[in-house]
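The structure under discussion appears below in the form of structure tokens.
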Amino acid sequence: MIVNQTEREEREYLANLMSRLREALRKIDTTIDSMHHEIIDAKTYLWENRSELDPAETAANKVDIMLRIDQGEKAVDKRRKLQKLVESPYFGRVDFVADGQSRRDSHYIGVHAFSEDDSQKNFIYDWRSPVASMFYDFEVGKASYSSPAGRVGGEICLKRQYKIKDGVMHYMIESSMNINDEVLQKELSQTSNEKMKNIVATIQKEQNAIIRNEHSHELIIQGVAGSGKTSVALHRVAFLLYRNKGTLTSQNIWIISPNKVFSDYISNILPELGEEKIMEMGIEEIAARELEGVCKFQTFSQQVSELAASHDPSLIERIQWKSGNDMVERLDRFLADRCESYFVPTDVTIDGVHIAKEEILQAYQKAANLPIRKRLEKAASVLAANTRDQDGDKLSAATAKKVKTAIKKMFASLNLLVIYKDFYETMGRPELFTYKKTKLLEFSDVFPLVYLKIHVEGTTGFDEVKHVLVDEMQDYTPVQYAVLSRLFTCKKTILGDCNQSVNPYSSSSITEIKKIFPEADTVELLKSYRSTMEIIRFAQQINRNSRIIPIERHGPCPEIKTGNDRSDEIAAIKKIITSFQKSENRTLGIICKSQIQAETLYQEIMNSCKGVYLLDFSSDQFHEGIIVTSSHLAKGLEFDQVIVPFVDAENYKTDMDRSLLYIACTRAMHMLTLTYSGEVSPFLLRVEESCQNK
Ligand SMILES: Nc1ncnc2c1ncn2[C@@H]1O[C@H](COP(=O)(O)OP(=O)(O)OP(=O)(O)O)[C@@H](O)[C@H]1O
């Protein structure tokens, strides 16, 4: 029998479900209320009777309170999910008849599951449940899904999509196609807000395959700008947490994110999907943790700004040399050699005890699998424990200590900076290592030094991490990947776009990344969901290597506005700001090439344009409204409307500038305007006539 066939029946079903949900919400409110009082009463009892209770009773009462708090938290979590469902209980439906059966089951799919406590019936299936995968993977007709008992084949007889807001159905679409284009179009044409949106209702088939991939130890996602890499990676986290409940928690998953603004921008996705936030960490925070007490260093953004402002060939050479594929190999060879040549054993005679240098060398060689410092400790401890004095007795504690110290001193130097400097001398390239200031490293030296430190000192502290997401993969060098691999031996999802590098001198191509992770599975996402076709076509002319395929969605053509001089250009920018303020668009990004340019522009417009924010590397929040920032910081973000100022020939001329211009343009969802005075950048000479000088 077909349930809820007509729209009227669907509306009645929705109304019925809404009253069930509201009733469940009312019940859970009452439960939370009574739990709250019970906890307060239990705490009051414990406090008032503290002198009469013996320790065992006190402990039992405390455990009881903890249990109640735990139950309370679970109830609050359930309430949060119910509240979400009351707003929009489901977005999809698949009716499925399994092979060999006649029963047709209707599965309504929502962001969370819902069943009543006293019933077996699932009114709503979680989008991550096995049966829900068919909604994303199949059209009407033959279909299958993977259940705990194995693959279940059958036929989808009906597939529908719904838009329900505040419990009211706005539309219902019969879809024979995989996620209907009409629904996707509606979603994509909406204006943005200050946080990333969840995409559960319109996940595409190729995205679903990534989200539900459970087998890859390393999964590399190369995706063009706006292809949903970050969204998909976060939905993947939610899926893995759902599938591995009990063995995987949000504390076991880390994301290496490019900056705090980006972390803030993506921070609500997991809570929206009913999961807790995961640990977010910048790659520099990891380096700072590893190099604590060793030295300070220039940040990646400072390096990018330095490169954007000047074209210093010696700086570029230093960066390129350290970012090459052979850098890890060079370091490995050097370390293997230094492990042996820095250790010069000699005969030891202390307090009448003698240890021959051959014996010392043997103990040192036996511990070869350990980092150098631990290797020395181990060899020294083994020798001190095994050696006997003249009477055949174990060494006294004092003698053993002296023996250990003498053995450890046989290693030339454990000072990381000394060893690192020696590396360049050994390579015959001492000029490639220069401090920025006293004890302040250039960014390109940070990860080679961390790599060296791991080999010398070892590392601890990341054992609880079971899955790492690495976003903006193109900005990391082979040495950075080598460090990440040694720190995190767990599964990894690595995502990025090799056309969006903010520093082409130290970026990694997909081929290079694959060399570092030869066993990794790689997927490519070519469809871009963020921008209109007009914006994508425009961006493609800036970077012709990009294989980006736009979704069929139209908007105004990007414009290039020219002024006679800078003040003319600033006046044009202010005019665009005024028209943005009158429009329905909610976010406007004014994206400059560098942070210095962004700051200068901000100073020029802040007094006459209200509500303009400057986003810099000290910011930790993404604001709705008008934001002035740099391409580097805007990476990963999106805006309804974008202005790219100063696109003159002087400002945008190198390969790095081209990459930064491409990033800036692909942040725009609906509207894009570029401004310049003087001569236009050569990267824009080829743009279509229709977009120029409007
Ligand atoms: N299946 C989808 N349904 C609806 N919207 C989608 C879908 N996939 C992606 N989007 C939207 O496309 C935009 C880009 O997504 P996201 O930021 O995850 O892409 P990205 O590949 O990480 O982009 P970039 O590399 O350019 O920063 C977002 O607004 C996202 O909501």
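Order determines the names: the first chain of the structure tokens is A, the second B, and so forth; residues in each chain are numbered 1 upward, and ligands are numbered 1 upward as they are shown.
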
Produce as an NGL selection string the set of residues near ligand 1, where near means within 7 Å with only C-alpha atoms and all ligand atoms considered.
-> :A and (184 or 187-188 or 196-199 or 202-204 or 223-232 or 496-497 or 528-530 or 635-637 or 666-667)

Those residues with C-alpha atoms, as an mmCIF file, in the first residue's frame please?
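Result file result_26.cif:
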```cif
data_model
loop_
_atom_site.group_PDB
_atom_site.id
_atom_site.type_symbol
_atom_site.label_atom_id
_atom_site.label_comp_id
_atom_site.auth_asym_id
_atom_site.auth_seq_id
_atom_site.Cartn_x
_atom_site.Cartn_y
_atom_site.Cartn_z
ATOM 1 C CA LEU A 184 19.682 22.470 -5.372
ATOM 2 C CA GLU A 187 19.474 26.246 -1.975
ATOM 3 C CA LEU A 188 22.365 27.769 -3.907
ATOM 4 C CA MET A 196 28.794 27.614 6.877
ATOM 5 C CA LYS A 197 25.498 25.820 6.123
ATOM 6 C CA ASN A 198 24.830 22.118 6.334
ATOM 7 C CA ILE A 199 24.026 20.483 2.987
ATOM 8 C CA THR A 202 21.193 18.216 -1.276
ATOM 9 C CA ILE A 203 24.349 16.131 -0.896
ATOM 10 C CA GLN A 204 25.356 14.966 -4.383
ATOM 11 C CA GLY A 223 38.271 19.773 -5.427
ATOM 12 C CA VAL A 224 37.905 22.954 -7.442
ATOM 13 C CA ALA A 225 36.897 26.185 -5.698
ATOM 14 C CA GLY A 226 33.400 25.869 -4.266
ATOM 15 C CA SER A 227 33.074 22.138 -4.898
ATOM 16 C CA GLY A 228 32.052 21.504 -1.309
ATOM 17 C CA LYS A 229 35.330 19.975 -0.040
ATOM 18 C CA THR A 230 35.101 21.538 3.398
ATOM 19 C CA SER A 231 31.365 20.903 3.684
ATOM 20 C CA VAL A 232 31.834 17.292 2.598
ATOM 21 C CA GLY A 496 42.365 21.207 -0.990
ATOM 22 C CA ASP A 497 42.707 22.707 -4.413
ATOM 23 C CA SER A 528 31.446 24.088 -8.285
ATOM 24 C CA TYR A 529 28.362 24.975 -6.277
ATOM 25 C CA ARG A 530 29.299 28.359 -4.840
ATOM 26 C CA LYS A 635 40.424 31.452 1.453
ATOM 27 C CA GLY A 636 37.766 28.944 2.468
ATOM 28 C CA LEU A 637 35.202 31.726 3.053
ATOM 29 C CA THR A 666 36.061 32.498 -6.515
ATOM 30 C CA ARG A 667 34.867 33.711 -3.074
#
```

Determine which residues of segment 189-305 of chain A receive a DSSP assignment of alpha helix (DSSP H), computed from the backbone, and state them as a PyMOL selection string.
-> chain A and resi 205-211+229-243+260-266+269-272+283-290+300-305

Would you save the residues of that selection, restricted to N, CA and C atoms, as a short mmCIF file (atom, residue, chain, number, x, y, z; two decimals), in the first residue's frame?
```
data_model
loop_
_atom_site.label_atom_id
_atom_site.label_comp_id
_atom_site.auth_asym_id
_atom_site.auth_seq_id
_atom_site.Cartn_x
_atom_site.Cartn_y
_atom_site.Cartn_z
N LYS A 205 25.74 12.77 -5.31
CA LYS A 205 26.18 11.38 -5.28
C LYS A 205 27.70 11.26 -5.04
N GLU A 206 28.47 12.05 -5.79
CA GLU A 206 29.93 11.93 -5.66
C GLU A 206 30.39 12.42 -4.28
N GLN A 207 29.65 13.37 -3.72
CA GLN A 207 29.98 13.86 -2.38
C GLN A 207 29.62 12.80 -1.34
N ASN A 208 28.48 12.13 -1.58
CA ASN A 208 28.04 11.09 -0.64
C ASN A 208 29.05 9.95 -0.55
N ALA A 209 29.67 9.65 -1.71
CA ALA A 209 30.66 8.56 -1.71
C ALA A 209 31.84 8.93 -0.81
N ILE A 210 32.19 10.19 -0.78
CA ILE A 210 33.31 10.63 0.08
C ILE A 210 32.88 10.60 1.55
N ILE A 211 31.68 11.12 1.78
CA ILE A 211 31.19 11.19 3.17
C ILE A 211 31.13 9.80 3.79
N LYS A 229 34.34 20.80 -0.77
CA LYS A 229 35.33 19.97 -0.04
C LYS A 229 35.18 20.09 1.47
N THR A 230 35.15 21.35 1.95
CA THR A 230 35.10 21.54 3.40
C THR A 230 33.77 21.03 3.94
N SER A 231 32.68 21.37 3.23
CA SER A 231 31.37 20.90 3.68
C SER A 231 31.36 19.37 3.74
N VAL A 232 31.84 18.75 2.68
CA VAL A 232 31.83 17.29 2.60
C VAL A 232 32.71 16.69 3.71
N ALA A 233 33.86 17.28 3.95
CA ALA A 233 34.76 16.74 4.99
C ALA A 233 34.08 16.79 6.35
N LEU A 234 33.33 17.87 6.61
CA LEU A 234 32.68 17.99 7.93
C LEU A 234 31.49 17.03 8.04
N HIS A 235 30.77 16.85 6.94
CA HIS A 235 29.67 15.87 6.95
C HIS A 235 30.25 14.46 7.11
N ARG A 236 31.42 14.26 6.57
CA ARG A 236 32.11 12.96 6.73
C ARG A 236 32.42 12.70 8.20
N VAL A 237 32.86 13.75 8.88
CA VAL A 237 33.14 13.60 10.32
C VAL A 237 31.86 13.18 11.04
N ALA A 238 30.75 13.89 10.72
CA ALA A 238 29.47 13.56 11.38
C ALA A 238 29.09 12.12 11.08
N PHE A 239 29.33 11.68 9.84
CA PHE A 239 28.99 10.31 9.47
C PHE A 239 29.86 9.31 10.25
N LEU A 240 31.16 9.57 10.32
CA LEU A 240 32.06 8.63 11.01
C LEU A 240 31.73 8.55 12.50
N LEU A 241 31.33 9.69 13.08
CA LEU A 241 30.96 9.67 14.50
C LEU A 241 29.70 8.83 14.70
N TYR A 242 28.77 8.92 13.76
CA TYR A 242 27.52 8.17 13.83
C TYR A 242 27.81 6.67 13.68
N ARG A 243 28.63 6.34 12.70
CA ARG A 243 28.92 4.93 12.41
C ARG A 243 29.76 4.27 13.48
N LYS A 260 41.96 31.05 12.46
CA LYS A 260 40.88 31.07 13.46
C LYS A 260 39.54 31.53 12.84
N VAL A 261 39.62 32.43 11.85
CA VAL A 261 38.38 32.91 11.23
C VAL A 261 37.68 31.75 10.52
N PHE A 262 38.48 30.95 9.82
CA PHE A 262 37.94 29.80 9.12
C PHE A 262 37.35 28.82 10.15
N SER A 263 38.07 28.61 11.24
CA SER A 263 37.57 27.69 12.29
C SER A 263 36.21 28.17 12.80
N ASP A 264 36.09 29.49 12.98
CA ASP A 264 34.83 30.04 13.48
C ASP A 264 33.73 29.85 12.42
N TYR A 265 34.11 30.07 11.17
CA TYR A 265 33.15 29.98 10.06
C TYR A 265 32.53 28.58 9.96
N ILE A 266 33.35 27.55 10.20
CA ILE A 266 32.83 26.19 10.04
C ILE A 266 32.32 25.59 11.36
N ILE A 269 28.72 23.64 11.96
CA ILE A 269 28.24 22.51 11.14
C ILE A 269 28.01 21.27 12.01
N LEU A 270 29.00 20.87 12.78
CA LEU A 270 28.84 19.64 13.55
C LEU A 270 27.73 19.77 14.60
N PRO A 271 27.70 20.86 15.39
CA PRO A 271 26.56 20.97 16.31
C PRO A 271 25.22 20.93 15.58
N GLU A 272 25.14 21.52 14.39
CA GLU A 272 23.88 21.47 13.63
C GLU A 272 23.51 20.04 13.25
N ILE A 283 48.33 24.62 11.87
CA ILE A 283 49.59 23.91 11.74
C ILE A 283 50.69 24.63 12.51
N GLU A 284 50.56 25.96 12.62
CA GLU A 284 51.57 26.71 13.38
C GLU A 284 51.47 26.44 14.87
N GLU A 285 50.26 26.17 15.34
CA GLU A 285 50.12 25.84 16.77
C GLU A 285 50.86 24.54 17.07
N ILE A 286 50.79 23.62 16.11
CA ILE A 286 51.49 22.35 16.29
C ILE A 286 52.99 22.61 16.33
N ALA A 287 53.46 23.46 15.41
CA ALA A 287 54.89 23.76 15.38
C ALA A 287 55.32 24.45 16.67
N ALA A 288 54.47 25.39 17.15
CA ALA A 288 54.83 26.13 18.37
C ALA A 288 54.94 25.17 19.55
N ARG A 289 54.05 24.19 19.57
CA ARG A 289 54.07 23.20 20.66
C ARG A 289 55.36 22.38 20.59
N GLU A 290 55.75 22.00 19.38
CA GLU A 290 56.94 21.17 19.21
C GLU A 290 58.23 21.97 19.44
N PHE A 300 53.26 31.70 8.66
CA PHE A 300 53.05 31.48 7.23
C PHE A 300 52.46 32.74 6.58
N SER A 301 51.52 33.39 7.29
CA SER A 301 50.90 34.58 6.70
C SER A 301 51.92 35.70 6.55
N GLN A 302 52.87 35.78 7.51
CA GLN A 302 53.92 36.81 7.37
C GLN A 302 54.80 36.51 6.16
N GLN A 303 55.04 35.22 5.95
CA GLN A 303 55.85 34.85 4.78
C GLN A 303 55.11 35.22 3.49
N VAL A 304 53.80 34.91 3.47
CA VAL A 304 53.01 35.22 2.27
C VAL A 304 53.00 36.73 2.03
N SER A 305 52.82 37.52 3.11
CA SER A 305 52.81 38.98 2.96
C SER A 305 54.15 39.47 2.43
#
```

Please provide the set of residues having any atom within 12 Å of Asp70 of chain A, restricted to only C-alpha atoms, with same-chain residues fewer than 4 positions apart removed, written as an mmCIF file with N, CA and C atoms, in the first residue's frame.
```cif
data_model
loop_
_atom_site.group_PDB
_atom_site.id
_atom_site.type_symbol
_atom_site.label_atom_id
_atom_site.label_comp_id
_atom_site.auth_asym_id
_atom_site.auth_seq_id
_atom_site.Cartn_x
_atom_site.Cartn_y
_atom_site.Cartn_z
ATOM 1 N N ILE A 32 13.638 17.059 31.795
ATOM 2 C CA ILE A 32 14.814 17.877 32.114
ATOM 3 C C ILE A 32 14.550 18.704 33.372
ATOM 4 N N MET A 35 14.738 16.431 36.353
ATOM 5 C CA MET A 35 16.140 16.031 36.573
ATOM 6 C C MET A 35 16.916 17.177 37.213
ATOM 7 N N HIS A 36 16.647 18.379 36.752
ATOM 8 C CA HIS A 36 17.312 19.555 37.272
ATOM 9 C C HIS A 36 17.066 19.670 38.784
ATOM 10 N N ILE A 39 18.828 16.876 40.785
ATOM 11 C CA ILE A 39 20.271 17.111 40.957
ATOM 12 C C ILE A 39 20.496 18.155 42.061
ATOM 13 N N VAL A 63 28.733 9.824 43.100
ATOM 14 C CA VAL A 63 28.579 9.034 41.866
ATOM 15 C C VAL A 63 27.152 9.181 41.347
ATOM 16 N N ASP A 64 26.185 9.124 42.292
ATOM 17 C CA ASP A 64 24.784 9.247 41.911
ATOM 18 C C ASP A 64 24.526 10.598 41.218
ATOM 19 N N ILE A 65 25.136 11.653 41.786
ATOM 20 C CA ILE A 65 24.936 12.986 41.189
ATOM 21 C C ILE A 65 25.540 13.023 39.781
ATOM 22 N N MET A 66 26.742 12.435 39.653
ATOM 23 C CA MET A 66 27.393 12.434 38.336
ATOM 24 C C MET A 66 26.529 11.713 37.293
ATOM 25 N N LYS A 74 22.309 14.048 28.431
ATOM 26 C CA LYS A 74 21.747 13.284 27.297
ATOM 27 C C LYS A 74 20.357 13.803 26.943
ATOM 28 N N ALA A 75 19.580 14.114 27.990
ATOM 29 C CA ALA A 75 18.221 14.618 27.747
ATOM 30 C C ALA A 75 18.277 15.983 27.049
ATOM 31 N N VAL A 76 19.239 16.820 27.460
ATOM 32 C CA VAL A 76 19.365 18.145 26.829
ATOM 33 C C VAL A 76 19.736 17.975 25.356
ATOM 34 N N ASP A 77 20.614 16.994 25.102
ATOM 35 C CA ASP A 77 21.022 16.720 23.722
ATOM 36 C C ASP A 77 19.805 16.276 22.889
#
```

Quick one: everything within 6 Å of segment 474-484 of chain A, counting only C-alpha atoms, minus sequence neighbours fewer than 2 positions away in the same chain. Send it as a list of chain:residue names.
->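 The neighbour list is A:Ser323, A:Asn325, A:Val328, A:Phe447, A:Tyr451, A:Glu472, A:Arg486, A:Leu487, A:Phe488, A:Gly496, A:Cys498, A:Ser501, A:Ser507, A:Ser508.
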
Please produce a file of the residues just selected, as a compact mmCIF listing (two decimals), in the first residue's frame, where the atoms kept are N, CA and C atoms.
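Contents of selection-v9.txt, freshly written:
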```txt
# COMPACT_ATOMS: atom_id res chain seq x y z
N SER A 323 61.05 23.40 0.17
CA SER A 323 59.70 22.89 -0.10
C SER A 323 59.68 21.79 -1.14
N ASN A 325 60.35 18.14 -3.08
CA ASN A 325 60.07 16.75 -2.70
C ASN A 325 61.27 16.07 -2.08
N VAL A 328 62.75 15.94 2.31
CA VAL A 328 62.61 14.92 3.36
C VAL A 328 63.74 13.90 3.22
N PHE A 447 59.25 23.72 9.69
CA PHE A 447 58.91 22.29 9.67
C PHE A 447 60.12 21.38 9.44
N TYR A 451 60.78 18.46 12.04
CA TYR A 451 61.07 17.08 11.57
C TYR A 451 62.33 16.56 12.26
N GLU A 472 43.11 22.75 3.03
CA GLU A 472 44.05 23.57 2.26
C GLU A 472 45.37 22.81 2.05
N ARG A 486 54.17 11.67 11.00
CA ARG A 486 54.82 11.12 12.19
C ARG A 486 54.06 11.46 13.47
N LEU A 487 53.44 12.62 13.47
CA LEU A 487 52.68 13.00 14.68
C LEU A 487 51.35 12.25 14.73
N PHE A 488 50.73 12.11 13.56
CA PHE A 488 49.40 11.48 13.51
C PHE A 488 49.49 10.24 12.63
N GLY A 496 41.88 19.90 -0.54
CA GLY A 496 42.37 21.21 -0.99
C GLY A 496 42.20 21.33 -2.48
N CYS A 498 44.71 22.50 -5.72
CA CYS A 498 46.05 22.90 -6.12
C CYS A 498 46.06 24.21 -6.91
N SER A 501 46.68 28.04 -4.30
CA SER A 501 47.81 28.17 -3.39
C SER A 501 48.06 29.65 -3.12
N SER A 507 54.11 25.44 -2.50
CA SER A 507 52.87 24.65 -2.54
C SER A 507 53.16 23.24 -3.04
N SER A 508 52.22 22.36 -2.79
CA SER A 508 52.37 20.99 -3.27
C SER A 508 51.31 20.68 -4.31
```

Would you mind writing down, as a list in words, each residue of segment 208-421 of chain A that DSSP on the backbone assigns to strand (DSSP E)?
->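 Strand (DSSP E) assignments inside segment 208-421 of chain A correspond to Glu218, Leu219, Ile220, Ile221, Gln222, Gly223, Ile253, Trp254, Ile255, Ile256, Met279, Glu280, Met281, Lys296, Phe297, Val348, Thr349, Ile350, Val353, His354 and Ile355 of chain A.
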
Best match for closeness to Tyr342 of chain A among A:Ala132, A:Ala400, A:Ala15, A:Leu376, counting only C-alpha atoms | A:Leu376

Tell me which protein, DNA and RNA residues are within 12 Å of segment 133-142 of chain A, counting only C-alpha atoms, leaving out same-chain ones fewer than 6 positions away, and put them as a ChimeraX atom specification.
-> /A:91-99,106-110,125-127,151-161,174-180,199-213,239

Store the residues picked out above in a file with N, CA and C atoms, as a short mmCIF file (atom, residue, chain, number, x, y, z; two decimals), in the first residue's frame.
```
data_model
loop_
_atom_site.label_atom_id
_atom_site.label_comp_id
_atom_site.auth_asym_id
_atom_site.auth_seq_id
_atom_site.Cartn_x
_atom_site.Cartn_y
_atom_site.Cartn_z
N PHE A 91 13.52 16.10 4.99
CA PHE A 91 13.71 16.78 3.71
C PHE A 91 13.57 15.80 2.54
N GLY A 92 13.46 14.53 2.86
CA GLY A 92 13.41 13.56 1.77
C GLY A 92 12.62 12.32 2.15
N ARG A 93 12.28 11.57 1.12
CA ARG A 93 11.56 10.31 1.36
C ARG A 93 11.95 9.33 0.26
N VAL A 94 12.21 8.09 0.67
CA VAL A 94 12.35 7.02 -0.33
C VAL A 94 11.44 5.88 0.06
N ASP A 95 10.67 5.39 -0.90
CA ASP A 95 9.84 4.20 -0.68
C ASP A 95 10.58 3.05 -1.33
N PHE A 96 10.80 1.99 -0.56
CA PHE A 96 11.67 0.91 -1.03
C PHE A 96 11.01 -0.44 -0.82
N VAL A 97 11.11 -1.28 -1.85
CA VAL A 97 10.65 -2.67 -1.72
C VAL A 97 11.88 -3.55 -1.86
N ALA A 98 12.21 -4.28 -0.81
CA ALA A 98 13.40 -5.12 -0.86
C ALA A 98 13.13 -6.34 -1.73
N ASP A 99 14.17 -6.85 -2.39
CA ASP A 99 14.02 -8.03 -3.26
C ASP A 99 13.36 -9.18 -2.50
N SER A 106 8.06 3.17 3.55
CA SER A 106 8.34 4.59 3.30
C SER A 106 9.33 5.08 4.35
N HIS A 107 10.44 5.66 3.90
CA HIS A 107 11.44 6.16 4.84
C HIS A 107 11.54 7.67 4.69
N TYR A 108 11.16 8.37 5.72
CA TYR A 108 11.33 9.84 5.72
C TYR A 108 12.71 10.14 6.29
N ILE A 109 13.43 11.04 5.64
CA ILE A 109 14.83 11.26 6.03
C ILE A 109 15.02 12.68 6.53
N GLY A 110 15.63 12.78 7.70
CA GLY A 110 15.85 14.10 8.29
C GLY A 110 17.25 14.22 8.85
N TYR A 125 14.23 8.84 9.65
CA TYR A 125 15.54 8.19 9.64
C TYR A 125 16.63 9.25 9.56
N ASP A 126 17.69 9.02 10.32
CA ASP A 126 18.85 9.91 10.27
C ASP A 126 19.46 9.84 8.87
N TRP A 127 19.91 10.99 8.34
CA TRP A 127 20.47 11.04 6.98
C TRP A 127 21.70 10.14 6.85
N ARG A 151 24.51 -6.41 1.95
CA ARG A 151 23.89 -5.55 0.94
C ARG A 151 22.41 -5.92 0.76
N VAL A 152 21.54 -4.91 0.77
CA VAL A 152 20.12 -5.17 0.56
C VAL A 152 19.72 -4.58 -0.78
N GLY A 153 19.27 -5.43 -1.70
CA GLY A 153 18.86 -4.95 -3.03
C GLY A 153 17.36 -4.79 -3.09
N GLY A 154 16.88 -4.06 -4.07
CA GLY A 154 15.44 -3.89 -4.21
C GLY A 154 15.13 -2.78 -5.18
N GLU A 155 14.00 -2.13 -4.96
CA GLU A 155 13.59 -1.11 -5.90
C GLU A 155 13.03 0.11 -5.17
N ILE A 156 13.46 1.26 -5.62
CA ILE A 156 12.86 2.49 -5.09
C ILE A 156 11.64 2.78 -5.96
N CYS A 157 10.47 2.88 -5.31
CA CYS A 157 9.27 3.13 -6.10
C CYS A 157 8.86 4.60 -6.03
N LEU A 158 9.40 5.31 -5.07
CA LEU A 158 9.03 6.72 -4.97
C LEU A 158 10.17 7.47 -4.28
N LYS A 159 10.42 8.68 -4.80
CA LYS A 159 11.45 9.51 -4.16
C LYS A 159 10.92 10.93 -4.13
N ARG A 160 10.90 11.54 -2.96
CA ARG A 160 10.37 12.91 -2.87
C ARG A 160 11.32 13.80 -2.08
N GLN A 161 11.24 15.09 -2.38
CA GLN A 161 12.00 16.07 -1.60
C GLN A 161 11.03 17.12 -1.06
N GLU A 174 8.42 15.69 -6.49
CA GLU A 174 8.59 14.28 -6.85
C GLU A 174 9.89 14.21 -7.63
N SER A 175 10.83 13.44 -7.20
CA SER A 175 12.08 13.45 -7.96
C SER A 175 12.44 12.07 -8.45
N SER A 176 12.49 11.98 -9.77
CA SER A 176 12.96 10.72 -10.32
C SER A 176 14.46 10.81 -10.48
N MET A 177 14.97 12.03 -10.55
CA MET A 177 16.41 12.26 -10.72
C MET A 177 17.11 12.11 -9.38
N ASN A 178 18.43 12.03 -9.44
CA ASN A 178 19.22 12.10 -8.21
C ASN A 178 19.09 13.53 -7.71
N ILE A 179 19.05 13.76 -6.45
CA ILE A 179 18.75 15.07 -5.85
C ILE A 179 18.39 16.14 -6.89
N ASN A 180 17.12 16.45 -6.88
CA ASN A 180 16.56 17.31 -7.93
C ASN A 180 17.26 18.65 -8.05
N ILE A 199 24.56 20.76 4.33
CA ILE A 199 24.03 20.48 2.99
C ILE A 199 23.31 19.13 2.93
N VAL A 200 22.85 18.65 4.10
CA VAL A 200 22.28 17.29 4.14
C VAL A 200 21.18 17.03 3.12
N ALA A 201 20.38 18.08 2.85
CA ALA A 201 19.23 17.86 1.96
C ALA A 201 19.64 17.72 0.50
N THR A 202 20.83 18.20 0.15
CA THR A 202 21.19 18.22 -1.28
C THR A 202 22.58 17.62 -1.54
N ILE A 203 23.05 16.78 -0.66
CA ILE A 203 24.35 16.13 -0.90
C ILE A 203 24.30 15.41 -2.25
N GLN A 204 25.33 15.60 -3.06
CA GLN A 204 25.36 14.97 -4.38
C GLN A 204 26.02 13.58 -4.30
N LYS A 205 25.74 12.77 -5.31
CA LYS A 205 26.18 11.38 -5.28
C LYS A 205 27.70 11.26 -5.04
N GLU A 206 28.47 12.05 -5.79
CA GLU A 206 29.93 11.93 -5.66
C GLU A 206 30.39 12.42 -4.28
N GLN A 207 29.65 13.37 -3.72
CA GLN A 207 29.98 13.86 -2.38
C GLN A 207 29.62 12.80 -1.34
N ASN A 208 28.48 12.13 -1.58
CA ASN A 208 28.04 11.09 -0.64
C ASN A 208 29.05 9.95 -0.55
N ALA A 209 29.67 9.65 -1.71
CA ALA A 209 30.66 8.56 -1.71
C ALA A 209 31.84 8.93 -0.81
N ILE A 210 32.19 10.19 -0.78
CA ILE A 210 33.31 10.63 0.08
C ILE A 210 32.88 10.60 1.55
N ILE A 211 31.68 11.12 1.78
CA ILE A 211 31.19 11.19 3.17
C ILE A 211 31.13 9.80 3.79
N ARG A 212 30.67 8.82 3.02
CA ARG A 212 30.45 7.48 3.57
C ARG A 212 31.63 6.53 3.35
N ASN A 213 32.74 7.06 2.91
CA ASN A 213 33.91 6.19 2.70
C ASN A 213 34.49 5.80 4.07
N PHE A 239 29.33 11.68 9.84
CA PHE A 239 28.99 10.31 9.47
C PHE A 239 29.86 9.31 10.25
#
```

Any idea what's packed within 12 Å of Asp337 of chain A, counting only C-alpha atoms, ignoring anything in its chain fewer than 5 positions away? Could you give it as an MDAnalysis selection string?
-> chainID A and resid 330:332 342:343 419 422:423 426

Long-range neighbours of Lys394 of chain A as a CSV table (one decimal) with N, CA and C atoms, in the first residue's frame, 12 Å cut-off, only C-alpha atoms, 4 positions minimum in chain:
```csv
chain,number,residue,atom,x,y,z
A,353,VAL,N,85.4,1.2,37.6
A,353,VAL,CA,84.6,0.4,36.6
A,353,VAL,C,85.0,0.7,35.2
A,383,LEU,N,73.7,-0.1,29.8
A,383,LEU,CA,75.1,-0.3,30.2
A,383,LEU,C,75.3,-0.2,31.7
A,384,ALA,N,74.6,0.8,32.3
A,384,ALA,CA,74.8,1.1,33.7
A,384,ALA,C,74.2,-0.1,34.5
A,385,ALA,N,73.1,-0.7,33.9
A,385,ALA,CA,72.4,-1.8,34.7
A,385,ALA,C,73.2,-3.1,34.5
A,386,ASN,N,73.8,-3.3,33.4
A,386,ASN,CA,74.5,-4.6,33.1
A,386,ASN,C,75.9,-4.6,33.6
A,387,THR,N,76.5,-3.5,33.8
A,387,THR,CA,77.9,-3.5,34.2
A,387,THR,C,78.1,-3.9,35.7
A,388,ARG,N,79.1,-4.6,36.0
A,388,ARG,CA,79.4,-5.0,37.4
A,388,ARG,C,80.7,-4.3,37.9
A,389,ASP,N,80.7,-4.0,39.2
A,389,ASP,CA,82.0,-3.4,39.7
A,389,ASP,C,83.0,-4.5,40.0
A,390,GLN,N,84.2,-4.1,40.6
A,390,GLN,CA,85.3,-5.1,40.8
A,390,GLN,C,84.9,-6.3,41.6
A,398,ALA,N,75.3,6.3,42.5
A,398,ALA,CA,76.2,7.4,42.2
A,398,ALA,C,77.0,7.0,41.0
A,399,THR,N,77.6,5.8,41.0
A,399,THR,CA,78.5,5.4,39.8
A,399,THR,C,77.7,5.3,38.6
A,400,ALA,N,76.5,4.6,38.7
A,400,ALA,CA,75.6,4.4,37.6
A,400,ALA,C,75.3,5.8,36.9
```

Could you check how far atom CA of Lys408 of chain A sits from atom CA of Gly458 of chain A, in Å to one decimal?
->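 For atom CA of Lys408 of chain A relative to atom CA of Gly458 of chain A, the distance reads 16.5 Å.
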